[in-house]
>>> print(open('query_6.txt').read())   # compact mmCIF, C-alpha atoms
# COMPACT_ATOMS: atom_id res chain seq x y z
CA MET A 1 12.96 -8.59 -15.34
CA GLU A 2 14.81 -6.34 -17.78
CA ALA A 3 17.48 -4.38 -15.84
CA PHE A 4 16.98 -0.63 -15.86
CA ASP A 5 19.78 1.53 -17.26
CA PRO A 6 19.27 5.29 -16.62
CA ALA A 7 21.24 6.08 -19.81
CA GLU A 8 18.40 4.53 -21.83
CA LEU A 9 15.72 6.61 -20.13
CA PRO A 10 15.25 9.24 -22.90
CA GLU A 11 14.53 6.54 -25.50
CA LEU A 12 12.36 4.49 -23.16
CA LEU A 13 10.29 7.54 -22.17
CA LYS A 14 9.49 8.24 -25.84
CA LEU A 15 8.02 4.76 -26.18
CA TYR A 16 6.28 4.92 -22.79
CA TYR A 17 4.52 8.23 -23.51
CA ARG A 18 3.70 7.21 -27.05
CA ARG A 19 2.25 3.78 -26.39
CA LEU A 20 1.89 2.90 -22.71
CA PHE A 21 0.84 5.89 -20.59
CA PRO A 22 -2.90 5.52 -19.69
CA TYR A 23 -4.01 8.94 -20.95
CA ALA A 24 -7.75 8.20 -21.15
CA GLN A 25 -7.99 7.09 -17.50
CA TYR A 26 -5.68 9.88 -16.38
CA TYR A 27 -7.82 12.53 -18.05
CA ARG A 28 -10.99 10.92 -16.75
CA TRP A 29 -9.59 11.24 -13.23
CA LEU A 30 -8.51 14.88 -13.34
CA ASN A 31 -11.53 16.03 -15.34
CA TYR A 32 -13.89 14.77 -12.59
CA GLY A 33 -16.78 14.20 -14.99
CA GLY A 34 -16.50 17.68 -16.48
CA VAL A 35 -18.99 18.83 -13.81
CA VAL A 36 -17.09 22.04 -13.01
CA LYS A 37 -16.38 24.18 -16.07
CA ASN A 38 -12.64 24.45 -16.88
CA TYR A 39 -11.64 22.23 -13.95
CA PHE A 40 -9.08 20.33 -16.02
CA GLN A 41 -7.99 23.43 -17.96
CA HIS A 42 -7.16 25.29 -14.74
CA ARG A 43 -5.04 22.48 -13.29
CA GLU A 44 -1.30 23.00 -12.92
CA PHE A 45 1.11 20.34 -14.16
CA SER A 46 4.84 20.65 -13.79
CA PHE A 47 7.42 18.75 -15.83
CA THR A 48 10.99 17.94 -14.89
CA LEU A 49 13.04 17.37 -18.03
CA LYS A 50 16.50 15.90 -18.57
CA ASP A 51 19.28 17.61 -16.55
CA ASP A 52 16.77 18.82 -13.94
CA ILE A 53 15.15 21.44 -16.15
CA TYR A 54 11.96 22.28 -14.30
CA ILE A 55 8.86 23.77 -15.96
CA ARG A 56 5.97 24.90 -13.77
CA TYR A 57 2.49 26.22 -14.63
CA GLN A 58 1.81 23.92 -17.56
CA SER A 59 -1.88 23.48 -18.36
CA PHE A 60 -3.87 21.79 -21.13
CA ASN A 61 -7.21 22.15 -22.89
CA ASN A 62 -8.08 18.49 -23.11
CA GLN A 63 -6.71 14.96 -23.26
CA SER A 64 -5.24 15.27 -26.75
CA ASP A 65 -3.49 18.53 -25.82
CA LEU A 66 -1.94 16.79 -22.79
CA GLU A 67 -0.87 13.79 -24.90
CA LYS A 68 0.79 15.94 -27.56
CA GLU A 69 2.72 17.97 -25.01
CA MET A 70 3.87 14.94 -23.03
CA GLN A 71 5.03 13.19 -26.20
CA LYS A 72 6.87 16.33 -27.25
CA MET A 73 8.56 16.97 -23.88
CA ASN A 74 9.01 13.36 -22.64
CA PRO A 75 9.25 14.53 -18.99
CA TYR A 76 11.48 12.64 -16.55
CA LYS A 77 8.96 13.46 -13.85
CA ILE A 78 5.40 14.80 -13.78
CA ASP A 79 3.99 16.66 -10.78
CA ILE A 80 0.36 17.62 -10.28
CA GLY A 81 -0.58 20.91 -8.60
CA ALA A 82 -3.74 22.77 -7.74
CA VAL A 83 -6.74 23.90 -9.76
CA TYR A 84 -6.30 27.67 -10.08
CA SER A 85 -8.61 30.63 -10.65
CA HIS A 86 -7.16 31.03 -14.18
CA ARG A 87 -5.29 28.84 -16.65
CA PRO A 88 -1.82 28.27 -15.16
CA ASN A 89 -0.09 28.68 -18.54
CA GLN A 90 -1.50 32.21 -18.66
CA HIS A 91 -0.58 33.14 -15.08
CA ASN A 92 1.76 35.90 -16.29
CA THR A 93 -1.10 37.72 -18.01
CA VAL A 94 -3.31 37.79 -14.90
CA LYS A 95 -3.07 40.88 -12.71
CA LEU A 96 -0.97 40.45 -9.60
CA GLY A 97 -2.70 38.68 -6.73
CA ALA A 98 -5.64 37.46 -8.83
CA PHE A 99 -4.02 34.13 -9.76
CA GLN A 100 -4.95 31.89 -6.80
CA ALA A 101 -4.91 28.16 -6.03
CA GLN A 102 -8.53 27.23 -5.37
CA GLU A 103 -8.86 23.45 -5.07
CA LYS A 104 -6.78 20.33 -4.81
CA GLU A 105 -7.01 16.76 -3.57
CA LEU A 106 -5.90 16.28 0.03
CA VAL A 107 -2.54 14.55 -0.34
CA PHE A 108 -0.21 12.64 1.96
CA ASP A 109 3.43 11.79 1.38
CA ILE A 110 5.11 9.10 3.46
CA ASP A 111 8.82 8.68 2.85
CA MET A 112 11.04 5.94 4.26
CA THR A 113 13.90 8.38 4.97
CA ASP A 114 11.80 9.88 7.79
CA TYR A 115 12.16 6.58 9.65
CA ASP A 116 15.97 6.47 9.55
CA ASP A 117 16.25 6.81 13.34
CA VAL A 118 14.20 3.62 13.85
CA ARG A 119 15.09 1.28 10.98
CA ARG A 120 18.29 -0.74 11.19
CA CYS A 121 18.40 -2.49 7.80
CA CYS A 122 18.72 0.52 5.45
CA SER A 123 19.12 4.28 5.45
CA SER A 124 18.41 7.29 3.22
CA ALA A 125 17.07 6.23 -0.22
CA ASP A 126 17.52 2.48 0.28
CA ILE A 127 14.65 0.14 1.07
CA CYS A 128 14.35 -3.63 1.53
CA PRO A 129 11.56 -6.09 2.35
CA LYS A 130 12.47 -5.79 6.05
CA CYS A 131 11.58 -2.10 6.27
CA TRP A 132 8.80 -2.00 3.64
CA THR A 133 6.47 -3.25 6.42
CA LEU A 134 6.60 0.35 7.72
CA MET A 135 4.78 1.46 4.57
CA THR A 136 2.28 -1.39 4.87
CA MET A 137 1.43 -0.31 8.43
CA ALA A 138 1.29 3.36 7.36
CA ILE A 139 -1.25 2.65 4.61
CA HIS A 140 -3.45 0.57 6.95
CA ILE A 141 -3.36 3.16 9.74
CA ILE A 142 -3.89 6.32 7.66
CA ASP A 143 -6.42 4.75 5.30
CA ARG A 144 -8.55 3.39 8.16
CA ALA A 145 -8.66 6.85 9.75
CA LEU A 146 -9.47 8.66 6.48
CA LYS A 147 -12.29 6.21 5.80
CA GLU A 148 -13.77 5.63 9.25
CA ASP A 149 -12.87 8.72 11.30
CA PHE A 150 -13.36 11.32 8.52
CA GLY A 151 -15.74 9.49 6.17
CA PHE A 152 -13.62 10.11 3.05
CA LYS A 153 -14.61 7.72 0.27
CA HIS A 154 -12.20 8.20 -2.63
CA ARG A 155 -8.64 7.44 -1.60
CA LEU A 156 -6.00 6.61 -4.21
CA TRP A 157 -2.77 5.16 -2.79
CA VAL A 158 0.26 5.22 -5.08
CA TYR A 159 3.79 3.82 -4.82
CA SER A 160 6.30 6.64 -5.33
CA GLY A 161 8.62 4.53 -7.50
CA ARG A 162 11.41 4.38 -4.97
CA ARG A 163 11.07 4.61 -1.21
CA GLY A 164 7.59 5.75 -0.23
CA VAL A 165 3.87 6.06 -0.85
CA HIS A 166 1.46 8.88 -1.64
CA CYS A 167 -2.25 9.16 -0.98
CA TRP A 168 -4.72 11.32 -2.95
CA VAL A 169 -8.10 11.92 -1.28
CA CYS A 170 -10.38 12.95 -4.13
CA ASP A 171 -13.87 13.46 -2.65
CA GLU A 172 -15.49 16.62 -4.02
CA SER A 173 -15.89 18.20 -0.56
CA VAL A 174 -12.25 17.40 0.32
CA ARG A 175 -10.86 19.13 -2.77
CA LYS A 176 -12.44 22.38 -1.53
CA LEU A 177 -10.89 22.29 1.97
CA SER A 178 -8.92 25.29 3.21
CA SER A 179 -5.29 25.04 4.20
CA ALA A 180 -6.27 25.42 7.88
CA VAL A 181 -8.61 22.42 7.76
CA ARG A 182 -5.96 20.33 5.96
CA SER A 183 -3.50 21.23 8.73
CA GLY A 184 -6.04 20.10 11.31
CA ILE A 185 -6.44 16.72 9.60
CA VAL A 186 -2.67 16.15 9.44
CA GLU A 187 -2.35 17.21 13.08
CA TYR A 188 -5.01 14.62 14.01
CA LEU A 189 -3.02 11.95 12.14
CA SER A 190 0.34 12.87 13.73
CA VAL A 191 1.55 11.06 16.84
CA VAL A 192 5.35 10.99 16.39
CA LYS A 193 6.59 14.53 17.08
CA GLY A 194 9.98 16.21 17.34
CA GLY A 195 13.07 16.43 15.14
CA GLN A 196 16.38 14.57 15.21
CA ASP A 197 17.42 16.03 18.57
CA VAL A 198 14.28 14.81 20.36
CA LYS A 199 14.79 11.28 21.62
CA LYS A 200 11.31 10.51 22.92
CA LYS A 201 8.89 11.42 20.16
CA VAL A 202 5.64 9.89 21.49
CA HIS A 203 3.87 10.99 24.67
CA LEU A 204 0.54 9.35 25.44
CA SER A 205 -1.89 10.81 27.94
CA GLU A 206 -3.79 8.70 30.50
CA LYS A 207 -6.85 8.69 28.27
CA ILE A 208 -5.92 7.23 24.93
CA HIS A 209 -7.70 8.65 21.88
CA PRO A 210 -9.64 6.01 19.88
CA PHE A 211 -7.53 6.86 16.79
CA VAL A 212 -4.34 6.00 18.69
CA ARG A 213 -5.88 2.87 20.20
CA LYS A 214 -6.98 1.61 16.77
CA SER A 215 -3.54 2.40 15.34
CA ILE A 216 -1.87 0.41 18.12
CA ASN A 217 -4.14 -2.56 17.29
CA ILE A 218 -2.93 -2.43 13.67
CA ILE A 219 0.74 -2.19 14.74
CA LYS A 220 0.30 -5.19 17.10
CA LYS A 221 -0.39 -7.45 14.08
CA TYR A 222 3.05 -6.64 12.64
CA PHE A 223 5.18 -5.72 15.63
CA GLU A 224 6.69 -9.07 16.53
CA ASP A 225 7.73 -10.08 13.00
CA TYR A 226 8.71 -6.59 11.93
CA ALA A 227 10.38 -5.03 14.98
CA LEU A 228 11.57 -7.97 17.07
CA VAL A 229 12.57 -10.39 14.31
CA ASP A 230 13.34 -8.45 11.10
CA GLN A 231 14.62 -5.23 12.68
CA ASP A 232 15.82 -6.99 15.85
CA ILE A 233 15.42 -3.74 17.82
CA LEU A 234 16.81 -5.21 21.07
CA GLU A 235 19.62 -7.20 19.47
CA ASN A 236 22.59 -5.65 21.30
CA LYS A 237 23.48 -2.93 23.78
CA GLU A 238 23.71 -0.23 21.12
CA SER A 239 20.18 -0.95 19.91
CA TRP A 240 18.56 -1.46 23.32
CA ASP A 241 20.11 1.75 24.71
CA LYS A 242 17.95 3.61 22.17
CA ILE A 243 14.87 1.99 23.69
CA LEU A 244 16.01 2.58 27.26
CA ALA A 245 16.15 6.29 26.41
CA LEU A 246 12.34 6.08 26.00
CA VAL A 247 11.62 4.53 29.43
CA PRO A 248 11.79 6.09 32.94
CA GLU A 249 15.31 6.15 34.40
CA THR A 250 14.16 4.20 37.46
CA MET A 251 13.91 1.12 35.21
CA HIS A 252 17.29 1.44 33.45
CA ASP A 253 19.53 -0.59 35.79
CA GLU A 254 17.17 -3.50 36.09
CA LEU A 255 16.56 -3.65 32.33
CA GLN A 256 20.28 -3.39 31.47
CA GLN A 257 21.01 -6.41 33.69
CA SER A 258 18.12 -8.53 32.49
CA PHE A 259 18.70 -7.70 28.81
CA GLN A 260 22.22 -9.12 29.10
CA LYS A 261 20.84 -12.42 30.44
CA HIS A 262 18.32 -12.86 27.64
CA HIS A 263 19.26 -14.16 24.20
CA ASN A 264 17.11 -12.27 21.70
CA SER A 265 14.80 -9.34 21.07
CA LEU A 266 11.64 -11.40 21.65
CA GLN A 267 12.71 -12.41 25.17
CA ARG A 268 13.93 -8.93 26.02
CA TRP A 269 10.66 -7.36 24.86
CA GLU A 270 8.63 -9.77 27.02
CA HIS A 271 10.78 -8.83 29.98
CA LEU A 272 10.37 -5.10 29.26
CA LYS A 273 6.57 -5.53 29.24
CA LYS A 274 6.66 -7.31 32.62
CA ALA A 275 8.97 -4.68 34.10
CA ALA A 276 6.66 -1.93 32.83
CA SER A 277 3.61 -3.42 34.51
CA ARG A 278 5.54 -3.89 37.80
CA CYS A 279 6.67 -0.28 37.59
CA GLN A 280 3.05 0.79 37.06
CA ASN A 281 2.05 -0.80 40.34
CA ASN A 282 4.91 0.84 42.28
CA SER A 283 5.17 4.25 40.66
CA LYS A 284 2.96 7.27 41.09
CA ASN A 285 4.76 9.66 38.72
CA ASP A 286 6.30 7.74 35.85
CA LYS A 287 3.95 6.60 33.10
CA CYS A 288 4.45 2.85 32.94
CA GLY A 289 2.44 -0.25 32.20
CA PRO A 290 1.02 -0.68 28.73
CA TRP A 291 1.52 3.04 27.96
CA LEU A 292 5.24 2.56 27.96
CA GLU A 293 5.03 -0.42 25.62
CA TRP A 294 2.64 1.47 23.31
CA GLU A 295 4.83 4.58 23.19
CA ILE A 296 7.77 2.47 22.03
CA MET A 297 5.64 0.63 19.44
CA LEU A 298 4.32 3.93 18.08
CA GLN A 299 7.75 5.55 17.93
CA TYR A 300 9.13 2.58 15.98
CA CYS A 301 6.14 1.88 13.71
CA PHE A 302 3.66 4.76 13.45
CA PRO A 303 3.39 6.64 10.09
CA ARG A 304 5.51 9.77 9.70
CA LEU A 305 3.80 12.29 7.45
CA ASP A 306 5.37 15.21 5.61
CA ILE A 307 3.07 17.88 7.04
CA ASN A 308 3.88 20.61 4.49
CA VAL A 309 2.86 18.45 1.53
CA SER A 310 -0.64 17.99 2.98
CA LYS A 311 -1.15 21.50 4.31
CA GLY A 312 -0.61 23.64 1.22
CA ILE A 313 -3.22 23.73 -1.53
CA ASN A 314 -0.63 24.75 -4.12
CA HIS A 315 1.90 22.06 -3.13
CA LEU A 316 2.95 19.85 -6.05
CA LEU A 317 3.05 16.07 -5.74
CA LYS A 318 4.46 13.47 -8.10
CA SER A 319 1.84 12.12 -10.46
CA PRO A 320 0.66 8.51 -10.64
CA PHE A 321 2.20 6.70 -13.65
CA SER A 322 5.24 8.99 -13.56
CA VAL A 323 8.57 7.12 -13.92
CA HIS A 324 11.19 7.30 -11.20
CA PRO A 325 14.38 8.40 -13.04
CA LYS A 326 16.74 6.61 -10.61
CA THR A 327 15.00 3.23 -10.29
CA GLY A 328 13.00 3.26 -13.54
CA ARG A 329 9.97 2.03 -11.58
CA ILE A 330 6.52 3.30 -12.48
CA SER A 331 4.49 5.13 -9.82
CA VAL A 332 1.66 2.62 -9.72
CA PRO A 333 -1.62 2.65 -7.77
CA ILE A 334 -1.78 0.21 -4.85
CA ASP A 335 -4.79 -2.11 -4.49
CA LEU A 336 -6.24 -1.47 -1.02
CA GLN A 337 -7.54 -5.04 -0.92
CA LYS A 338 -3.97 -6.33 -1.28
CA VAL A 339 -1.80 -3.90 0.69
CA ASP A 340 0.04 -6.73 2.48
CA GLN A 341 0.90 -8.42 -0.81
CA PHE A 342 2.21 -5.24 -2.46
CA ASP A 343 5.91 -5.67 -3.20
CA PRO A 344 7.81 -2.60 -4.45
CA PHE A 345 10.53 -4.84 -5.91
CA THR A 346 8.12 -6.46 -8.37
CA VAL A 347 6.66 -3.15 -9.60
CA PRO A 348 7.31 -2.93 -13.35
CA THR A 349 10.17 -0.76 -14.53
CA ILE A 350 9.97 1.26 -17.72
CA SER A 351 12.58 -1.09 -19.28
CA SER A 352 10.58 -4.21 -18.42
CA ILE A 353 7.30 -2.96 -19.90
CA CYS A 354 8.96 -1.51 -23.01
CA HIS A 355 10.73 -4.84 -23.47
CA GLU A 356 7.42 -6.73 -23.08
CA LEU A 357 5.88 -4.47 -25.71
CA ASP A 358 8.78 -5.05 -28.13
CA VAL A 359 8.48 -8.83 -27.81
CA ILE A 360 4.72 -8.71 -28.41
CA SER A 361 5.01 -6.28 -31.33
CA THR A 362 7.57 -8.54 -33.00
CA LYS A 363 5.28 -11.56 -32.60
CA GLU A 364 2.35 -9.61 -34.01
CA GLU A 365 4.37 -8.52 -37.01
CA GLU A 366 5.36 -12.12 -37.70
CA LYS A 367 1.73 -13.14 -37.47
CA GLU A 368 0.70 -10.36 -39.82
CA ASN A 369 3.30 -11.39 -42.36
CA GLY A 370 2.54 -15.10 -42.01
CA ALA A 371 -1.22 -15.09 -42.11
CA GLU A 372 -3.67 -12.52 -43.36
CA SER A 373 -4.70 -11.97 -39.72
CA ASP A 374 -6.78 -8.91 -39.13
CA ILE A 375 -5.10 -6.75 -36.52
CA LYS A 376 -7.35 -3.79 -36.93
CA HIS A 377 -8.71 -4.73 -33.56
CA ARG A 378 -5.61 -3.79 -31.58
CA THR A 379 -5.96 -3.87 -27.82
CA ARG A 380 -4.54 -0.98 -25.85
CA ASP A 381 -0.79 -1.46 -25.70
CA TYR A 382 -0.45 -1.24 -21.91
CA LYS A 383 -2.84 -4.20 -21.61
CA LYS A 384 -0.18 -6.41 -23.16
CA THR A 385 2.32 -5.57 -20.41
CA SER A 386 2.68 -6.03 -16.65
CA LEU A 387 1.37 -2.46 -16.23
CA ALA A 388 -2.16 -3.77 -16.97
CA PRO A 389 -3.17 -4.89 -13.43
CA PHE A 390 -2.15 -1.50 -12.01
CA VAL A 391 -4.22 0.38 -14.60
CA LYS A 392 -7.11 -1.89 -13.59
CA VAL A 393 -6.74 -0.79 -9.93
CA PHE A 394 -6.85 2.83 -11.16
CA GLU A 395 -9.98 2.11 -13.26
CA GLN A 396 -11.74 0.60 -10.25
CA PHE A 397 -11.01 3.79 -8.31
CA LEU A 398 -12.41 5.88 -11.21
CA GLU A 399 -15.48 3.67 -11.38
CA ASN A 400 -16.26 4.45 -7.73
CA LEU A 401 -15.73 8.17 -8.33
CA ASP A 402 -18.19 8.06 -11.25
CA LYS A 403 -20.78 6.14 -9.24
CA SER A 404 -20.76 8.59 -6.38
CA ARG A 405 -20.88 11.55 -8.79
CA LYS A 406 -23.96 10.08 -10.46
CA GLY A 407 -25.45 9.47 -7.01
CA GLU A 408 -24.94 13.13 -6.07
CA LEU A 409 -26.50 14.33 -9.33
CA LEU A 410 -29.55 12.09 -8.78
CA LYS A 411 -29.92 13.41 -5.24
CA LYS A 412 -29.78 17.00 -6.51
CA SER A 413 -32.37 16.37 -9.23
CA ASP A 414 -34.67 14.62 -6.70
CA LEU A 415 -34.37 17.58 -4.36
CA GLN A 416 -35.22 19.98 -7.18
CA LYS A 417 -38.33 17.89 -8.04
CA ASP A 418 -39.51 18.25 -4.45
CA PHE A 419 -39.89 22.02 -4.80
>>> encode(input="query_6.txt", output="structure tokens")
Amino acid sequence: MEAFDPAELPELLKLYYRRLFPYAQYYRWLNYGGVVKNYFQHREFSFTLKDDIYIRYQSFNNQSDLEKEMQKMNPYKIDIGAVYSHRPNQHNTVKLGAFQAQEKELVFDIDMTDYDDVRRCCSSADICPKCWTLMTMAIHIIDRALKEDFGFKHRLWVYSGRRGVHCWVCDESVRKLSSAVRSGIVEYLSVVKGGQDVKKKVHLSEKIHPFVRKSINIIKKYFEDYALVDQDILENKESWDKILALVPETMHDELQQSFQKHHNSLQRWEHLKKAASRCQNNSKNDKCGPWLEWEIMLQYCFPRLDINVSKGINHLLKSPFSVHPKTGRISVPIDLQKVDQFDPFTVPTISSICHELDVISTKEEEKENGAESDIKHRTRDYKKTSLAPFVKVFEQFLENLDKSRKGELLKKSDLQKDF
């Protein structure tokens, strides 16, 4: 793959926005079938330009307006905001207090840096295949709940381009939710609580909520390979002391001694489980048994959501198909059928797809010169690059949105016939 050089970004972005960005699909998404008048026109976009110049309250009349502006500005980053009561680019002309955010997708932002207290391979902005499993588990856990517990149908998961994932829930009813309801949903999905100073961040009650139980079942599929082998969370005294801080003090001495006798995390974990069930039989006060094991699994593996991103209707979130200026990777949609196969390190960079396009364009020119081949029938440029499968995932998502919109319209017209 072509190595990404940030110095080349301005030139690469020109080519990307001119020939590769999937404008038609992007507009089709945010226009939502044109059902609500001015829905697209009242949407806020914000652009971050070179040298961190930040422009909020951009808005556009239609797809061609958006294309022209993006090709003129070549933004380093695109954020999407709410649908407002008025056109965002005219917000200064609206009388004070009248300009209000009215609708937005329910969004979730999961960032690897929030797991720094429990991952041992990397920290801050770095990621590797050993810790990416955290994102895989997060998508499975949150997506299952959004689909089964809340009944949300249209969920677009997107790789952030560096160290995390975003989710956009796009159902019509969801876009209308108040900030209070959004807070309630995030609260429901939050199990790990407390800041850096709080050591024990998960407290389960005697009765375990079905959401937590189902989440534990998902974590169980990954826990051994992820936590005990890749992260080796009981490798040495320094690492197992962190886990002992999560168990009742009455167990500390016995576990310290037995951990020293065992040779690896797998053996030590088995011993901890046995000790926990013994403690359950002997202890009236301390929560032991499987609860203890589950609390540790949740603290080390459960998704950590940025609550503020989800709560506010006017909160901006990085757009799909934006380019990450540090890694050059494209923010691509993730196929929910293939979450376990998704590999952030194989996501195309802007340099790799621009290079692919150059190679193909050169070949086509040679062909044109050599034979009188008719290249009037040019396929969309992105289809010739490794961005194509990700646009396909996006199109499938749009297809489902269209289907359910048509279904709703049919239902409404049937109901009207009944009167």
>>> residues_around(input="query_6.txt", residues="Ile330 (chain A)", least_positions_apart="3", cutoff="7 Å", atoms="only C-alpha atoms", output="PDB file with C-alpha atoms, in the frame of the given file")
ATOM      1  CA  GLY A 161       8.620   4.530  -7.500  1.00  0.00           C
ATOM      2  CA  PHE A 321       2.200   6.700 -13.650  1.00  0.00           C
ATOM      3  CA  SER A 322       5.240   8.990 -13.560  1.00  0.00           C
ATOM      4  CA  VAL A 323       8.570   7.120 -13.920  1.00  0.00           C
ATOM      5  CA  HIS A 324      11.190   7.300 -11.200  1.00  0.00           C
ATOM      6  CA  PRO A 348       7.310  -2.930 -13.350  1.00  0.00           C
ATOM      7  CA  THR A 349      10.170  -0.760 -14.530  1.00  0.00           C
ATOM      8  CA  ILE A 350       9.970   1.260 -17.720  1.00  0.00           C
TER       9      ILE A 350
END
>>> residues_near_point(input="query_6.txt", point="(10.1, 7.8, -12.7)", cutoff="12 Å", atoms="all atoms listed in the file", output="number ranges by chain")
A: 4, 6, 9-10, 12-13, 16, 47-50, 74-79, 159-163, 318-332, 347-351
>>> closest_residue(input="query_6.txt", among="A:Gly164, A:Gly312, A:Gly151, A:Gly195", to="Thr133 (chain A)", atoms="all atoms listed in the file")
A:Gly164
>>> atom_distance(input="query_6.txt", atom1="CA of Ile80 (chain A)", atom2="CA of His315 (chain A)")
8.6 Å
>>> closest_residue(input="query_6.txt", among="A:Leu189, A:Cys121, A:Thr385, A:Arg18", to="Met70 (chain A)", atoms="all atoms listed in the file")
A:Arg18
